[in-house]
>>> print(open('coords_10.txt').read())   # compact mmCIF, C-alpha atoms
# COMPACT_ATOMS: atom_id res chain seq x y z
CA MET X 2 98.13 -22.75 -8.53
CA THR X 3 99.96 -25.62 -10.23
CA ASP X 4 100.28 -27.40 -6.87
CA ASP X 5 96.46 -27.67 -6.75
CA VAL X 6 96.99 -30.76 -8.91
CA LEU X 7 99.99 -32.99 -8.28
CA ILE X 8 101.36 -35.30 -10.97
CA GLU X 9 103.27 -38.09 -9.26
CA ARG X 10 105.07 -41.31 -10.17
CA PRO X 11 105.46 -43.22 -6.90
CA ASP X 12 108.68 -45.23 -6.67
CA ALA X 13 106.76 -48.04 -4.97
CA HIS X 14 104.42 -48.32 -7.96
CA PRO X 15 106.49 -48.34 -11.17
CA GLY X 16 104.53 -47.59 -14.32
CA VAL X 17 101.78 -45.75 -12.42
CA GLU X 18 101.14 -42.04 -12.84
CA VAL X 19 99.01 -40.40 -10.14
CA ILE X 20 96.90 -37.32 -10.82
CA ARG X 21 96.05 -36.00 -7.37
CA PHE X 22 93.61 -33.23 -6.48
CA ASN X 23 95.49 -31.20 -3.87
CA ARG X 24 93.29 -28.27 -2.89
CA PRO X 25 91.75 -29.50 0.37
CA ALA X 26 90.98 -26.00 1.71
CA LYS X 27 88.54 -25.64 -1.22
CA LYS X 28 87.36 -29.28 -1.10
CA ASN X 29 89.46 -29.96 -4.21
CA ALA X 30 87.17 -27.77 -6.33
CA ILE X 31 88.55 -27.68 -9.87
CA THR X 32 89.69 -24.49 -11.60
CA SER X 33 90.46 -23.93 -15.27
CA ALA X 34 94.19 -24.12 -14.51
CA MET X 35 93.68 -27.50 -12.85
CA TYR X 36 91.77 -28.79 -15.88
CA ARG X 37 94.61 -27.65 -18.13
CA LYS X 38 97.22 -29.41 -16.04
CA MET X 39 95.23 -32.66 -15.89
CA ALA X 40 94.55 -32.62 -19.62
CA ALA X 41 98.24 -32.11 -20.36
CA ALA X 42 99.16 -34.96 -18.02
CA LEU X 43 96.72 -37.35 -19.69
CA VAL X 44 97.90 -36.42 -23.18
CA ALA X 45 101.54 -36.89 -22.17
CA ALA X 46 100.78 -40.19 -20.42
CA SER X 47 99.10 -41.50 -23.56
CA THR X 48 102.38 -41.53 -25.49
CA ASP X 49 104.85 -42.11 -22.64
CA PRO X 50 105.97 -45.75 -22.66
CA GLU X 51 106.95 -45.46 -19.00
CA VAL X 52 103.33 -44.89 -17.99
CA LYS X 53 101.30 -48.10 -17.91
CA ALA X 54 98.32 -46.94 -15.81
CA VAL X 55 96.86 -43.70 -14.45
CA ALA X 56 95.31 -43.22 -11.01
CA PHE X 57 93.13 -40.31 -9.85
CA LEU X 58 93.18 -39.53 -6.14
CA GLY X 59 91.95 -36.75 -3.89
CA THR X 60 92.75 -35.88 -0.29
CA GLU X 61 91.50 -37.21 3.03
CA GLY X 62 87.73 -36.84 3.21
CA CYS X 63 87.32 -35.34 -0.25
CA PHE X 64 87.86 -36.49 -3.81
CA SER X 65 86.47 -33.32 -5.44
CA ALA X 66 83.57 -30.95 -4.86
CA GLY X 67 83.39 -30.42 -8.63
CA ASN X 68 83.96 -27.13 -10.39
CA ASP X 69 85.23 -24.16 -8.43
CA MET X 70 82.10 -22.03 -8.56
CA ALA X 71 83.81 -18.63 -8.62
CA ASP X 72 86.08 -19.76 -11.45
CA PHE X 73 83.20 -21.52 -13.18
CA ILE X 74 80.89 -18.49 -13.04
CA ALA X 75 83.65 -16.26 -14.42
CA VAL X 76 84.04 -18.62 -17.39
CA ALA X 77 80.26 -18.99 -17.68
CA MET X 78 79.85 -15.27 -18.25
CA GLY X 79 81.15 -15.98 -21.73
CA GLY X 80 78.23 -18.34 -22.27
CA ALA X 81 80.36 -21.44 -22.88
CA MET X 82 81.40 -24.51 -20.96
CA GLY X 83 85.10 -23.67 -21.17
CA ARG X 84 87.72 -25.07 -23.54
CA ASP X 85 89.85 -26.31 -20.65
CA VAL X 86 87.03 -28.53 -19.41
CA ILE X 87 86.34 -29.94 -22.87
CA GLU X 88 90.02 -30.69 -23.52
CA PHE X 89 90.27 -32.54 -20.21
CA LEU X 90 87.14 -34.59 -20.86
CA ARG X 91 88.32 -35.49 -24.36
CA ALA X 92 91.73 -36.56 -23.03
CA LEU X 93 90.07 -38.64 -20.31
CA ALA X 94 87.68 -40.29 -22.76
CA THR X 95 90.37 -41.20 -25.28
CA ILE X 96 93.42 -42.22 -23.25
CA ASP X 97 94.37 -45.72 -24.35
CA LYS X 98 95.75 -46.83 -20.98
CA PRO X 99 93.87 -48.12 -17.94
CA VAL X 100 92.56 -45.50 -15.53
CA VAL X 101 91.64 -46.15 -11.91
CA SER X 102 90.38 -43.84 -9.17
CA GLY X 103 90.14 -43.71 -5.41
CA VAL X 104 87.40 -41.78 -3.61
CA ASP X 105 87.21 -40.82 0.05
CA GLY X 106 84.36 -38.50 0.97
CA LEU X 107 82.85 -35.91 -1.34
CA ALA X 108 82.57 -36.62 -5.07
CA ILE X 109 80.37 -33.91 -6.56
CA GLY X 110 79.60 -33.01 -10.19
CA VAL X 111 82.59 -33.94 -12.34
CA GLY X 112 83.95 -35.47 -9.13
CA THR X 113 81.33 -38.15 -9.79
CA THR X 114 81.19 -38.30 -13.59
CA ILE X 115 84.95 -38.77 -13.92
CA HIS X 116 84.53 -42.32 -12.58
CA LEU X 117 82.35 -43.31 -15.54
CA HIS X 118 85.58 -43.08 -17.56
CA CYS X 119 87.61 -45.12 -15.08
CA ASP X 120 88.11 -48.84 -15.40
CA LEU X 121 88.18 -49.50 -11.66
CA THR X 122 87.19 -47.27 -8.73
CA VAL X 123 87.73 -47.81 -5.02
CA ALA X 124 85.70 -45.77 -2.52
CA SER X 125 85.46 -45.44 1.24
CA ALA X 126 82.20 -46.17 3.01
CA ARG X 127 81.82 -42.46 3.84
CA SER X 128 81.94 -41.39 0.19
CA VAL X 129 79.03 -39.46 -1.32
CA PHE X 130 78.41 -39.16 -5.06
CA ARG X 131 76.15 -36.37 -6.32
CA THR X 132 75.62 -34.40 -9.55
CA PRO X 133 73.56 -31.23 -8.92
CA PHE X 134 73.54 -30.17 -12.58
CA VAL X 135 69.81 -29.68 -12.98
CA ASP X 136 69.59 -27.91 -9.60
CA LEU X 137 71.89 -25.28 -11.13
CA ALA X 138 69.71 -25.20 -14.29
CA LEU X 139 72.47 -27.00 -16.20
CA VAL X 140 72.74 -30.40 -17.87
CA PRO X 141 74.91 -33.50 -17.40
CA GLU X 142 78.47 -33.40 -18.74
CA ALA X 143 81.45 -35.69 -19.41
CA ALA X 144 79.22 -37.90 -21.60
CA SER X 145 77.51 -38.99 -18.38
CA SER X 146 74.13 -38.84 -20.10
CA LEU X 147 75.39 -41.64 -22.36
CA LEU X 148 77.62 -43.63 -20.01
CA ALA X 149 75.55 -43.63 -16.82
CA PRO X 150 72.49 -45.35 -18.36
CA ARG X 151 74.82 -47.94 -19.89
CA VAL X 152 76.42 -48.65 -16.52
CA MET X 153 73.44 -48.46 -14.18
CA GLY X 154 70.25 -48.39 -16.26
CA HIS X 155 67.84 -45.51 -16.84
CA GLN X 156 66.21 -45.35 -13.41
CA ARG X 157 69.38 -45.02 -11.38
CA ALA X 158 71.05 -42.80 -13.98
CA PHE X 159 68.03 -40.49 -13.93
CA ALA X 160 68.08 -40.39 -10.14
CA LEU X 161 71.76 -39.45 -10.16
CA LEU X 162 71.89 -37.02 -13.09
CA ALA X 163 68.43 -35.47 -13.28
CA MET X 164 66.98 -35.78 -9.78
CA GLY X 165 70.37 -35.02 -8.27
CA ASP X 166 69.98 -37.73 -5.64
CA ALA X 167 73.04 -38.39 -3.51
CA PHE X 168 74.47 -41.91 -3.85
CA THR X 169 76.17 -43.53 -0.89
CA ALA X 170 79.13 -45.81 -1.48
CA GLU X 171 76.74 -48.77 -1.25
CA ASP X 172 74.45 -47.15 -3.84
CA ALA X 173 77.42 -46.55 -6.13
CA LEU X 174 78.60 -50.14 -5.72
CA SER X 175 75.14 -51.50 -6.48
CA ALA X 176 74.88 -49.23 -9.52
CA GLY X 177 78.22 -50.34 -10.91
CA LEU X 178 79.84 -46.91 -10.57
CA ILE X 179 82.55 -48.28 -8.26
CA ARG X 180 84.26 -51.65 -7.85
CA LYS X 181 85.02 -51.88 -4.14
CA ILE X 182 84.35 -50.26 -0.75
CA VAL X 183 87.18 -50.04 1.75
CA GLU X 184 88.01 -48.14 4.94
CA PRO X 185 89.03 -44.49 4.40
CA GLU X 186 92.66 -45.11 5.32
CA ALA X 187 92.86 -47.94 2.76
CA VAL X 188 91.57 -46.02 -0.28
CA GLU X 189 94.92 -44.83 -1.60
CA GLY X 190 96.73 -48.11 -1.01
CA GLU X 191 93.98 -50.17 -2.64
CA THR X 192 93.78 -47.82 -5.60
CA LEU X 193 97.53 -47.85 -6.22
CA ALA X 194 97.62 -51.63 -5.78
CA LEU X 195 95.04 -52.00 -8.55
CA ALA X 196 96.98 -49.58 -10.76
CA SER X 197 100.18 -51.54 -10.14
CA LYS X 198 98.51 -54.83 -11.06
CA LEU X 199 97.35 -53.28 -14.32
CA ALA X 200 100.77 -51.73 -14.97
CA ALA X 201 102.38 -55.17 -14.66
CA LYS X 202 100.19 -56.79 -17.32
CA PRO X 203 101.23 -57.16 -20.98
CA PRO X 204 100.44 -53.65 -22.26
CA ALA X 205 99.38 -54.48 -25.82
CA ALA X 206 97.01 -57.25 -24.73
CA LEU X 207 95.57 -55.05 -21.98
CA ALA X 208 95.04 -52.14 -24.38
CA ILE X 209 93.16 -54.39 -26.83
CA ALA X 210 91.04 -55.90 -24.06
CA ARG X 211 90.21 -52.42 -22.76
CA ARG X 212 89.22 -51.17 -26.22
CA LEU X 213 86.99 -54.19 -26.76
CA LEU X 214 85.30 -53.72 -23.39
CA ARG X 215 84.84 -49.96 -23.72
CA GLY X 216 83.85 -49.96 -27.39
CA ASP X 217 84.16 -47.12 -29.88
CA ARG X 218 84.92 -43.81 -28.21
CA GLY X 219 83.46 -41.83 -31.10
CA ASP X 220 79.99 -41.79 -29.57
CA VAL X 221 81.44 -40.68 -26.23
CA ILE X 222 83.27 -37.73 -27.80
CA ALA X 223 80.13 -36.85 -29.78
CA ARG X 224 78.08 -36.86 -26.57
CA ILE X 225 80.65 -34.70 -24.74
CA ASP X 226 80.31 -32.16 -27.54
CA GLU X 227 76.51 -32.41 -27.65
CA GLU X 228 76.24 -31.92 -23.89
CA ALA X 229 78.57 -28.92 -24.16
CA VAL X 230 76.21 -27.23 -26.63
CA HIS X 231 73.23 -27.67 -24.30
CA PHE X 232 75.39 -26.64 -21.35
CA ALA X 233 76.40 -23.42 -23.11
CA ASN X 234 72.79 -22.66 -24.04
CA GLN X 235 71.66 -23.18 -20.47
CA LEU X 236 74.42 -20.92 -19.17
CA LYS X 237 72.76 -18.07 -21.07
CA SER X 238 69.32 -18.81 -19.66
CA ALA X 239 67.44 -16.80 -17.06
CA GLU X 240 66.92 -19.90 -14.91
CA ALA X 241 70.67 -20.54 -14.77
CA ARG X 242 71.39 -16.95 -13.77
CA ALA X 243 68.80 -17.23 -11.01
CA ALA X 244 70.27 -20.54 -9.83
CA PHE X 245 73.81 -19.11 -9.74
CA GLU X 246 72.67 -16.04 -7.83
CA ALA X 247 70.89 -18.23 -5.30
CA PHE X 248 73.97 -20.42 -4.94
CA MET X 249 76.29 -17.48 -4.34
CA ARG X 250 73.93 -16.10 -1.66
CA ARG X 251 74.27 -19.26 0.43
>>> encode(input="coords_10.txt", output="structure tokens")
Amino acid sequence: MTDDVLIERPDAHPGVEVIRFNRPAKKNAITSAMYRKMAAALVAASTDPEVKAVAFLGTEGCFSAGNDMADFIAVAMGGAMGRDVIEFLRALATIDKPVVSGVDGLAIGVGTTIHLHCDLTVASARSVFRTPFVDLALVPEAASSLLAPRVMGHQRAFALLAMGDAFTAEDALSAGLIRKIVEPEAVEGETLALASKLAAKPPAALAIARRLLRGDRGDVIARIDEEAVHFANQLKSAEARAAFEAFMRR
């Protein structure tokens, strides 16, 4: 189970910590155990002077299909979003070091919203970003209802988060969700190169610049918590139960 997420520090990229989804047979769908491991890694990286930048990566053809539905439904039976998810999102929103990500292929649900917390994202031309929250009778998470409109404006944020429209890599680039499109085989190298460039910069100056650019994180944490309340309420709803049953019958 712990190998479903790999925490790596590549020798060729000193100062960079990689958090890698490593569950390709399940399209890197995220379980509670994976959330716990990622949250712990982010918290540890925050205070480790050896870590200068963090990079999220998936596997060939898939960043993440979002939550593991079997695991998610088991947690949902308790009528809550899940503490492990919240702790991960809080750690991601508050880490005071630069975060980059590399996407090749599927990026669904939190596999999309995670990039709103990243400073730079590289994606392959075959990447697809989609958040089917409302289709499952749920609501946006990861403070995406706050961050997405800031990044891409109301219309595109609504299309992504409420309509559930799929964004191509070109759509994501135009919307400001990603920084660069590269060939699939170049995603990891480009992502780690960006992380290395950030890791080589004066850390105090970079941290201040990042805080100034990102602004106060208090409103982001507040929105994560607010979304979680609505999420939990929806989990208890008849329409969510019907949506889950329909999903599991596919």
>>> atom_distance(input="coords_10.txt", atom1="CA of His14 (chain X)", atom2="CA of Val129 (chain X)")
27.7 Å
>>> axis_aligned_box(input="coords_10.txt", around="region 228-236 of chain X", padding_each_side="4 Å", output="AutoDock Vina command-line options")
--center_x 75.1 --center_y -26.4 --center_z -22.9 --size_x 14.9 --size_y 19.0 --size_z 15.5
>>> closest_residue(input="coords_10.txt", among="X:Val55, X:Met153, X:Ala206, X:Val44", to="Leu178 (chain X)", atoms="all atoms listed in the file")
X:Met153
>>> atom_distance(input="coords_10.txt", atom1="CA of His118 (chain X)", atom2="CA of Asn23 (chain X)")
20.7 Å
>>> closest_residue(input="coords_10.txt", among="X:Ala92, X:Ala247, X:Cys119, X:Leu7", to="Gly177 (chain X)", atoms="all atoms listed in the file")
X:Cys119
>>> decode(input="coords_10.txt", residues="region 141-161 of chain X", atoms="N, CA, C and O atoms", output="mmCIF file, in the first residue's frame")
data_model
loop_
_atom_site.group_PDB
_atom_site.id
_atom_site.type_symbol
_atom_site.label_atom_id
_atom_site.label_comp_id
_atom_site.auth_asym_id
_atom_site.auth_seq_id
_atom_site.Cartn_x
_atom_site.Cartn_y
_atom_site.Cartn_z
ATOM 1 N N PRO X 141 -17.296 21.062 -5.504
ATOM 2 C CA PRO X 141 -15.842 21.227 -5.652
ATOM 3 C C PRO X 141 -15.118 21.131 -4.309
ATOM 4 O O PRO X 141 -15.700 21.397 -3.247
ATOM 5 N N GLU X 142 -13.840 20.755 -4.372
ATOM 6 C CA GLU X 142 -13.020 20.609 -3.174
ATOM 7 C C GLU X 142 -11.658 21.248 -3.411
ATOM 8 O O GLU X 142 -11.422 21.848 -4.447
ATOM 9 N N ALA X 143 -10.790 21.140 -2.383
ATOM 10 C CA ALA X 143 -9.417 21.665 -2.462
ATOM 11 C C ALA X 143 -9.377 23.181 -2.657
ATOM 12 O O ALA X 143 -8.410 23.711 -3.202
ATOM 13 N N ALA X 144 -10.428 23.873 -2.196
ATOM 14 C CA ALA X 144 -10.546 25.325 -2.381
ATOM 15 C C ALA X 144 -10.613 25.702 -3.851
ATOM 16 O O ALA X 144 -10.392 26.861 -4.217
ATOM 17 N N SER X 145 -10.963 24.740 -4.705
ATOM 18 C CA SER X 145 -11.035 25.028 -6.142
ATOM 19 C C SER X 145 -12.131 26.030 -6.463
ATOM 20 O O SER X 145 -12.013 26.786 -7.440
ATOM 21 N N SER X 146 -13.182 26.070 -5.645
ATOM 22 C CA SER X 146 -14.250 27.039 -5.901
ATOM 23 C C SER X 146 -13.781 28.470 -5.665
ATOM 24 O O SER X 146 -14.390 29.418 -6.167
ATOM 25 N N LEU X 147 -12.694 28.631 -4.924
ATOM 26 C CA LEU X 147 -12.091 29.951 -4.707
ATOM 27 C C LEU X 147 -10.964 30.206 -5.703
ATOM 28 O O LEU X 147 -10.894 31.273 -6.323
ATOM 29 N N LEU X 148 -10.093 29.221 -5.871
ATOM 30 C CA LEU X 148 -8.880 29.419 -6.656
ATOM 31 C C LEU X 148 -9.122 29.411 -8.161
ATOM 32 O O LEU X 148 -8.510 30.199 -8.891
ATOM 33 N N ALA X 149 -9.996 28.524 -8.631
ATOM 34 C CA ALA X 149 -10.213 28.435 -10.081
ATOM 35 C C ALA X 149 -10.743 29.734 -10.682
ATOM 36 O O ALA X 149 -10.233 30.190 -11.711
ATOM 37 N N PRO X 150 -11.765 30.379 -10.082
ATOM 38 C CA PRO X 150 -12.208 31.665 -10.642
ATOM 39 C C PRO X 150 -11.113 32.727 -10.635
ATOM 40 O O PRO X 150 -11.043 33.560 -11.542
ATOM 41 N N ARG X 151 -10.252 32.695 -9.616
ATOM 42 C CA ARG X 151 -9.139 33.644 -9.578
ATOM 43 C C ARG X 151 -8.180 33.415 -10.738
ATOM 44 O O ARG X 151 -7.665 34.357 -11.336
ATOM 45 N N VAL X 152 -7.929 32.164 -11.046
ATOM 46 C CA VAL X 152 -6.953 31.812 -12.081
ATOM 47 C C VAL X 152 -7.517 31.993 -13.479
ATOM 48 O O VAL X 152 -6.854 32.532 -14.365
ATOM 49 N N MET X 153 -8.772 31.548 -13.683
ATOM 50 C CA MET X 153 -9.285 31.460 -15.058
ATOM 51 C C MET X 153 -10.567 32.227 -15.311
ATOM 52 O O MET X 153 -11.087 32.194 -16.423
ATOM 53 N N GLY X 154 -11.097 32.930 -14.306
ATOM 54 C CA GLY X 154 -12.346 33.654 -14.476
ATOM 55 C C GLY X 154 -13.547 32.753 -14.257
ATOM 56 O O GLY X 154 -13.449 31.529 -14.268
ATOM 57 N N HIS X 155 -14.714 33.376 -14.063
ATOM 58 C CA HIS X 155 -15.914 32.616 -13.697
ATOM 59 C C HIS X 155 -16.345 31.636 -14.777
ATOM 60 O O HIS X 155 -16.679 30.477 -14.474
ATOM 61 N N GLN X 156 -16.374 32.070 -16.021
ATOM 62 C CA GLN X 156 -16.922 31.229 -17.078
ATOM 63 C C GLN X 156 -16.164 29.908 -17.206
ATOM 64 O O GLN X 156 -16.769 28.822 -17.239
ATOM 65 N N ARG X 157 -14.857 29.993 -17.292
ATOM 66 C CA ARG X 157 -14.086 28.766 -17.461
ATOM 67 C C ARG X 157 -14.077 27.937 -16.181
ATOM 68 O O ARG X 157 -14.119 26.695 -16.241
ATOM 69 N N ALA X 158 -14.045 28.609 -15.028
ATOM 70 C CA ALA X 158 -14.099 27.872 -13.765
ATOM 71 C C ALA X 158 -15.425 27.140 -13.627
ATOM 72 O O ALA X 158 -15.474 25.989 -13.176
ATOM 73 N N PHE X 159 -16.511 27.785 -14.032
ATOM 74 C CA PHE X 159 -17.828 27.146 -13.968
ATOM 75 C C PHE X 159 -17.887 25.948 -14.916
ATOM 76 O O PHE X 159 -18.424 24.884 -14.568
ATOM 77 N N ALA X 160 -17.329 26.114 -16.104
ATOM 78 C CA ALA X 160 -17.319 25.015 -17.065
ATOM 79 C C ALA X 160 -16.553 23.817 -16.513
ATOM 80 O O ALA X 160 -16.972 22.661 -16.675
ATOM 81 N N LEU X 161 -15.450 24.079 -15.844
ATOM 82 C CA LEU X 161 -14.627 22.999 -15.298
ATOM 83 C C LEU X 161 -15.267 22.357 -14.073
ATOM 84 O O LEU X 161 -15.374 21.127 -13.993
#
